[in-house]
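Visitor: I am sharing structure-v3.pdb, which consists of PDB, C-alpha atoms, pLDDT in the B column:
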```pdb
ATOM      1  CA  MET F   1      -8.405  13.254  36.111  1.00 89.00           C
ATOM      2  CA  HIS F   2     -11.074  11.368  37.987  1.00 91.00           C
ATOM      3  CA  ILE F   3     -10.378   9.219  41.055  1.00 91.00           C
ATOM      4  CA  LEU F   4     -12.249   5.938  41.568  1.00 92.00           C
ATOM      5  CA  THR F   5     -11.916   3.183  44.160  1.00 91.00           C
ATOM      6  CA  THR F   6     -12.068  -0.589  43.795  1.00 92.00           C
ATOM      7  CA  SER F   7     -15.433  -0.622  45.577  1.00 91.00           C
ATOM      8  CA  THR F   8     -18.239  -2.459  43.779  1.00 90.00           C
ATOM      9  CA  GLU F   9     -20.756   0.130  45.024  1.00 93.00           C
ATOM     10  CA  ASN F  10     -22.045   2.876  42.709  1.00 94.00           C
ATOM     11  CA  GLN F  11     -19.566   5.714  42.173  1.00 93.00           C
ATOM     12  CA  ASP F  12     -20.199   9.136  40.647  1.00 93.00           C
ATOM     13  CA  ILE F  13     -18.120  10.822  37.967  1.00 93.00           C
ATOM     14  CA  ASN F  14     -18.818  14.519  37.382  1.00 93.00           C
ATOM     15  CA  ILE F  15     -17.978  15.735  33.893  1.00 92.00           C
ATOM     16  CA  LYS F  16     -18.360  18.822  31.722  1.00 91.00           C
ATOM     17  CA  PRO F  17     -19.636  17.203  28.494  1.00 90.00           C
ATOM     18  CA  ARG F  18     -18.993  18.481  24.965  1.00 88.00           C
ATOM     19  CA  LYS F  19     -22.708  19.172  24.534  1.00 84.00           C
ATOM     20  CA  THR F  20     -25.493  20.118  26.896  1.00 79.00           C
ATOM     21  CA  SER F  21     -27.697  17.077  26.352  1.00 77.00           C
ATOM     22  CA  ALA F  22     -27.121  13.412  25.659  1.00 79.00           C
ATOM     23  CA  VAL F  23     -29.065  11.860  22.792  1.00 82.00           C
ATOM     24  CA  GLY F  24     -30.507   8.589  24.072  1.00 83.00           C
ATOM     25  CA  GLY F  25     -28.587   6.710  26.741  1.00 84.00           C
ATOM     26  CA  THR F  26     -24.913   6.952  27.594  1.00 88.00           C
ATOM     27  CA  THR F  27     -22.192   4.323  27.280  1.00 91.00           C
ATOM     28  CA  LEU F  28     -19.241   4.459  29.683  1.00 94.00           C
ATOM     29  CA  THR F  29     -16.056   2.711  28.560  1.00 95.00           C
ATOM     30  CA  LEU F  30     -12.845   2.266  30.559  1.00 96.00           C
ATOM     31  CA  ILE F  31      -9.662   1.270  28.713  1.00 96.00           C
ATOM     32  CA  ASP F  32      -6.736   0.006  30.802  1.00 95.00           C
ATOM     33  CA  LYS F  33      -3.666   2.094  29.854  1.00 94.00           C
ATOM     34  CA  ALA F  34      -1.261  -0.824  30.384  1.00 93.00           C
ATOM     35  CA  THR F  35      -3.101  -3.742  28.758  1.00 94.00           C
ATOM     36  CA  ARG F  36      -5.386  -1.776  26.374  1.00 95.00           C
ATOM     37  CA  ALA F  37      -8.306  -3.983  27.504  1.00 95.00           C
ATOM     38  CA  SER F  38     -11.641  -2.176  27.393  1.00 95.00           C
ATOM     39  CA  ARG F  39     -14.898  -2.706  29.248  1.00 95.00           C
ATOM     40  CA  ASN F  40     -18.308  -1.042  28.973  1.00 94.00           C
ATOM     41  CA  TYR F  41     -20.289  -0.290  32.127  1.00 92.00           C
ATOM     42  CA  THR F  42     -24.016   0.147  32.646  1.00 87.00           C
ATOM     43  CA  ASN F  43     -24.638   3.631  33.957  1.00 90.00           C
ATOM     44  CA  SER F  44     -27.212   6.293  34.640  1.00 89.00           C
ATOM     45  CA  TYR F  45     -26.765  10.020  34.336  1.00 89.00           C
ATOM     46  CA  SER F  46     -28.237  13.322  35.393  1.00 90.00           C
ATOM     47  CA  PHE F  47     -27.554  16.786  34.011  1.00 88.00           C
ATOM     48  CA  ASN F  48     -27.540  20.032  36.000  1.00 88.00           C
ATOM     49  CA  ASP F  49     -28.638  22.846  33.651  1.00 86.00           C
ATOM     50  CA  SER F  50     -27.397  25.633  35.906  1.00 88.00           C
ATOM     51  CA  THR F  51     -23.802  24.327  36.118  1.00 89.00           C
ATOM     52  CA  ASN F  52     -23.652  22.303  32.865  1.00 88.00           C
ATOM     53  CA  ILE F  53     -22.268  19.363  34.855  1.00 91.00           C
ATOM     54  CA  MET F  54     -23.288  15.805  34.023  1.00 91.00           C
ATOM     55  CA  THR F  55     -23.081  13.223  36.800  1.00 92.00           C
ATOM     56  CA  ILE F  56     -22.511   9.659  35.602  1.00 92.00           C
ATOM     57  CA  THR F  57     -23.269   6.919  38.142  1.00 94.00           C
ATOM     58  CA  ALA F  58     -21.968   3.374  37.637  1.00 93.00           C
ATOM     59  CA  ALA F  59     -20.723   0.338  39.551  1.00 94.00           C
ATOM     60  CA  PHE F  60     -17.214  -0.771  38.579  1.00 92.00           C
ATOM     61  CA  ASP F  61     -16.828  -4.400  39.626  1.00 90.00           C
ATOM     62  CA  ASP F  62     -13.498  -5.301  38.049  1.00 90.00           C
ATOM     63  CA  ILE F  63     -11.185  -2.280  38.089  1.00 93.00           C
ATOM     64  CA  LYS F  64      -7.699  -2.687  39.574  1.00 93.00           C
ATOM     65  CA  ALA F  65      -6.094  -0.479  42.216  1.00 92.00           C
ATOM     66  CA  GLU F  66      -3.137   1.738  41.252  1.00 91.00           C
ATOM     67  CA  THR F  67      -4.148   1.609  37.579  1.00 93.00           C
ATOM     68  CA  TYR F  68      -4.750   4.308  34.969  1.00 95.00           C
ATOM     69  CA  TYR F  69      -7.701   4.090  32.598  1.00 97.00           C
ATOM     70  CA  THR F  70      -8.883   6.107  29.620  1.00 97.00           C
ATOM     71  CA  LEU F  71     -12.513   7.155  30.138  1.00 96.00           C
ATOM     72  CA  ILE F  72     -14.841   7.502  27.139  1.00 96.00           C
ATOM     73  CA  ILE F  73     -18.489   8.486  27.502  1.00 94.00           C
ATOM     74  CA  LYS F  74     -20.697   8.319  24.418  1.00 92.00           C
ATOM     75  CA  ASP F  75     -24.320   8.953  23.616  1.00 89.00           C
ATOM     76  CA  ASN F  76     -26.205   7.591  20.575  1.00 89.00           C
ATOM     77  CA  VAL F  77     -24.537  10.175  18.305  1.00 90.00           C
ATOM     78  CA  GLY F  78     -20.877  10.084  19.406  1.00 90.00           C
ATOM     79  CA  ASP F  79     -18.353  10.989  22.086  1.00 92.00           C
ATOM     80  CA  ILE F  80     -19.511  13.481  24.676  1.00 92.00           C
ATOM     81  CA  TYR F  81     -16.479  13.205  26.992  1.00 94.00           C
ATOM     82  CA  ARG F  82     -12.958  11.769  27.107  1.00 95.00           C
ATOM     83  CA  GLY F  83     -10.720  11.810  30.152  1.00 95.00           C
ATOM     84  CA  MET F  84      -8.484   9.849  32.499  1.00 96.00           C
ATOM     85  CA  VAL F  85      -9.274   7.775  35.589  1.00 94.00           C
ATOM     86  CA  TYR F  86      -6.903   6.688  38.335  1.00 93.00           C
ATOM     87  CA  VAL F  87      -8.020   3.898  40.663  1.00 93.00           C
ATOM     88  CA  THR F  88      -6.815   3.955  44.246  1.00 90.00           C
ATOM     89  CA  ASN F  89      -8.103   2.974  47.658  1.00 87.00           C
ATOM     90  CA  GLN F  90      -6.289   5.966  49.171  1.00 81.00           C
ATOM     91  CA  THR F  91      -8.790   8.275  50.848  1.00 75.00           C
ATOM     92  CA  ASP F  92      -6.568  11.119  52.077  1.00 71.00           C
ATOM     93  CA  TYR F  93      -6.387  12.857  48.693  1.00 62.00           C
ATOM     94  CA  PRO F  94      -4.565  16.062  49.719  1.00 60.00           C
ATOM     95  CA  LYS F  95      -1.612  14.004  50.966  1.00 60.00           C
ATOM     96  CA  TYR F  96      -1.699  11.492  48.119  1.00 58.00           C
ATOM     97  CA  GLU F  97       0.792  11.894  45.273  1.00 63.00           C
ATOM     98  CA  VAL F  98       0.762   9.539  42.301  1.00 61.00           C
ATOM     99  CA  GLY F  99       4.494   9.935  41.554  1.00 65.00           C
ATOM    100  CA  LYS F 100       5.731  10.200  45.137  1.00 65.00           C
ATOM    101  CA  ASN F 101       9.361   9.066  45.472  1.00 65.00           C
ATOM    102  CA  ASP F 102       9.613   8.331  41.740  1.00 68.00           C
ATOM    103  CA  TYR F 103      11.916  11.308  41.175  1.00 64.00           C
ATOM    104  CA  THR F 104      14.695  12.559  43.385  1.00 66.00           C
ATOM    105  CA  THR F 105      16.770  15.699  43.133  1.00 68.00           C
ATOM    106  CA  GLU F 106      20.539  15.879  43.297  1.00 67.00           C
ATOM    107  CA  ASP F 107      21.770  18.253  46.012  1.00 70.00           C
ATOM    108  CA  SER F 108      25.386  17.132  46.398  1.00 71.00           C
ATOM    109  CA  TYR F 109      26.885  19.932  44.274  1.00 68.00           C
ATOM    110  CA  ASP F 110      26.753  23.720  44.358  1.00 69.00           C
ATOM    111  CA  ASN F 111      26.043  24.279  40.651  1.00 66.00           C
ATOM    112  CA  GLU F 112      28.829  26.859  40.218  1.00 73.00           C
ATOM    113  CA  PHE F 113      30.031  27.823  36.773  1.00 70.00           C
ATOM    114  CA  VAL F 114      33.640  28.424  35.844  1.00 72.00           C
ATOM    115  CA  PHE F 115      34.260  31.102  33.205  1.00 74.00           C
ATOM    116  CA  ILE F 116      37.508  31.032  31.277  1.00 80.00           C
ATOM    117  CA  ASP F 117      38.584  34.252  29.526  1.00 70.00           C
TER     118      ASP F 117
END
```
Please go through the file and, once you have read it, give me the structure as structure tokens.

Guide:
Amino acid sequence: MHILTTSTENQDINIKPRKTSAVGGTTLTLIDKATRASRNYTNSYSFNDSTNIMTITAAFDDIKAETYYTLIIKDNVGDIYRGMVYVTNQTDYPKYEVGKNDYTTEDSYDNEFVFID
């Protein structure tokens, strides 16, 4: 999963693409998981041959905080990457938990079993 912010500045997404080179330009699409609305973004990319990592750089001017998106990156031939994006303005990532306080555990019983012969 990739983390983005609501900033309108350029942001980088590092991916391990399905192939080692993109044919032509790349198209970056974000699809909102809740509304299914999609949007294409103008982007640039660079590829590091030694690590096989592609860095996609784009400015996201209309993404919403606390929202999940499906990420699709295509070249002129087809899909080269699919993944997930979560948008947050949280910057302290090690302490950040997406599902914090969504689930609680029950500790009011001792979980003993009674066996009847």

Visitor: Identify all residues satisfying the PyMOL selection byres ((chain F and resi 61) around 10) in the given file; provide them as a list in words.

Guide: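 Checked against the file, the PyMOL selection byres ((chain F and resi 61) around 10) matches Thr6, Ser7, Thr8, Glu9, Asn10, Tyr41, Ala58, Ala59, Phe60, Asp62, Ile63 and Lys64 of chain F.
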
Visitor: Using the chain letters and numbering of this document, enumerate as a VMD selection string the residues selected by the PyMOL selection byres ((chain F and resi 72) around 10).

Guide: chain F and resid 27 to 31 40 69 to 71 73 to 74 79 to 84

Visitor: Expand the PyMOL selection byres ((chain F and resi 2) around 8) into the explicit residue set it covers here, and present it as a PDB file with C-alpha atoms, in the coordinates of the input.

Guide:
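What landed in result.pdb:
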```pdb
ATOM      1  CA  MET F   1      -8.405  13.254  36.111  1.00 89.00           C
ATOM      2  CA  ILE F   3     -10.378   9.219  41.055  1.00 91.00           C
ATOM      3  CA  LEU F   4     -12.249   5.938  41.568  1.00 92.00           C
ATOM      4  CA  ILE F  13     -18.120  10.822  37.967  1.00 93.00           C
ATOM      5  CA  GLY F  83     -10.720  11.810  30.152  1.00 95.00           C
ATOM      6  CA  MET F  84      -8.484   9.849  32.499  1.00 96.00           C
ATOM      7  CA  VAL F  85      -9.274   7.775  35.589  1.00 94.00           C
ATOM      8  CA  TYR F  86      -6.903   6.688  38.335  1.00 93.00           C
TER       9      TYR F  86
END
```

Visitor: Separation of CA of Glu66 in chain F and CA of Gln90 in chain F, in Å?

Guide: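 Distance reported for this atom pair: 9.5 Å.
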
Visitor: Between CA of Ile15 in chain F and CA of Gly78 in chain F, what is the distance, to one decimal in Å?

Guide: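 Separation between CA of Ile15 in chain F and CA of Gly78 in chain F: 15.8 Å.
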
Visitor: Near Asp49 in chain F, within 12 Å and counting only C-alpha atoms, which residues show up once chain neighbours fewer than 4 positions away are dropped, as a list of chain:residue names?

Guide: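 The contact residues come out as F:Lys16, F:Pro17, F:Lys19, F:Thr20, F:Ser21, F:Ile53, F:Met54, F:Thr55.
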
Visitor: I need the chosen residues saved as an mmCIF file, keeping the file's coordinate frame, with C-alpha atoms.

Guide:
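Okay, out.cif is ready:
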```
data_model
loop_
_atom_site.group_PDB
_atom_site.id
_atom_site.type_symbol
_atom_site.label_atom_id
_atom_site.label_comp_id
_atom_site.auth_asym_id
_atom_site.auth_seq_id
_atom_site.Cartn_x
_atom_site.Cartn_y
_atom_site.Cartn_z
ATOM 1 C CA LYS F 16 -18.360 18.822 31.722
ATOM 2 C CA PRO F 17 -19.636 17.203 28.494
ATOM 3 C CA LYS F 19 -22.708 19.172 24.534
ATOM 4 C CA THR F 20 -25.493 20.118 26.896
ATOM 5 C CA SER F 21 -27.697 17.077 26.352
ATOM 6 C CA ILE F 53 -22.268 19.363 34.855
ATOM 7 C CA MET F 54 -23.288 15.805 34.023
ATOM 8 C CA THR F 55 -23.081 13.223 36.800
#
```

Visitor: At what distance in Å, to one decimal, does CA of Asn76 in chain F lie from CA of Gly25 in chain F?

Guide: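 CA of Gly25 in chain F sits 6.7 Å away from CA of Asn76 in chain F.
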
Visitor: Could you list, as a ChimeraX atom specification, every residue within 6 Å of Ile56 in chain F, counting only C-alpha atoms and ignoring same-chain residues fewer than 6 positions away?

Guide: /F:12-13,44-45

Visitor: Dump C-alpha atoms for the selected residues as a PDB file, keeping the file's coordinate frame?

Guide:
```
ATOM      1  CA  ASP F  12     -20.199   9.136  40.647  1.00 93.00           C
ATOM      2  CA  ILE F  13     -18.120  10.822  37.967  1.00 93.00           C
ATOM      3  CA  SER F  44     -27.212   6.293  34.640  1.00 89.00           C
ATOM      4  CA  TYR F  45     -26.765  10.020  34.336  1.00 89.00           C
TER       5      TYR F  45
END
```

Visitor: Could you check the closest approach to Arg18 in chain F for each of F:Thr91, F:Asp75, F:Arg36, F:Thr57 and tell me which residue wins, using all atoms listed in the file?

Guide: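 Ranking F:Thr91, F:Asp75, F:Arg36, F:Thr57 by distance to Arg18 in chain F, first place goes to F:Asp75.
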
Visitor: Which residue is closest to Thr51 in chain F? Choose from F:Thr35, F:Thr67, F:Thr26, F:Asn14 and count all atoms listed in the file.

Guide: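 Checking each candidate against Thr51 in chain F, we get F:Asn14 as the closest.
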
Visitor: Report, as lines of an AutoDock Vina configuration file, the centre and edge lengths in Å (one decimal) of the axis-aligned box enclosing every listed atom of range 33-44 of chain F, padded by 4 Å on each side.

Guide:
```
center_x = -14.2
center_y = 1.2
center_z = 30.5
size_x = 34.0
size_y = 18.3
size_z = 16.3
```
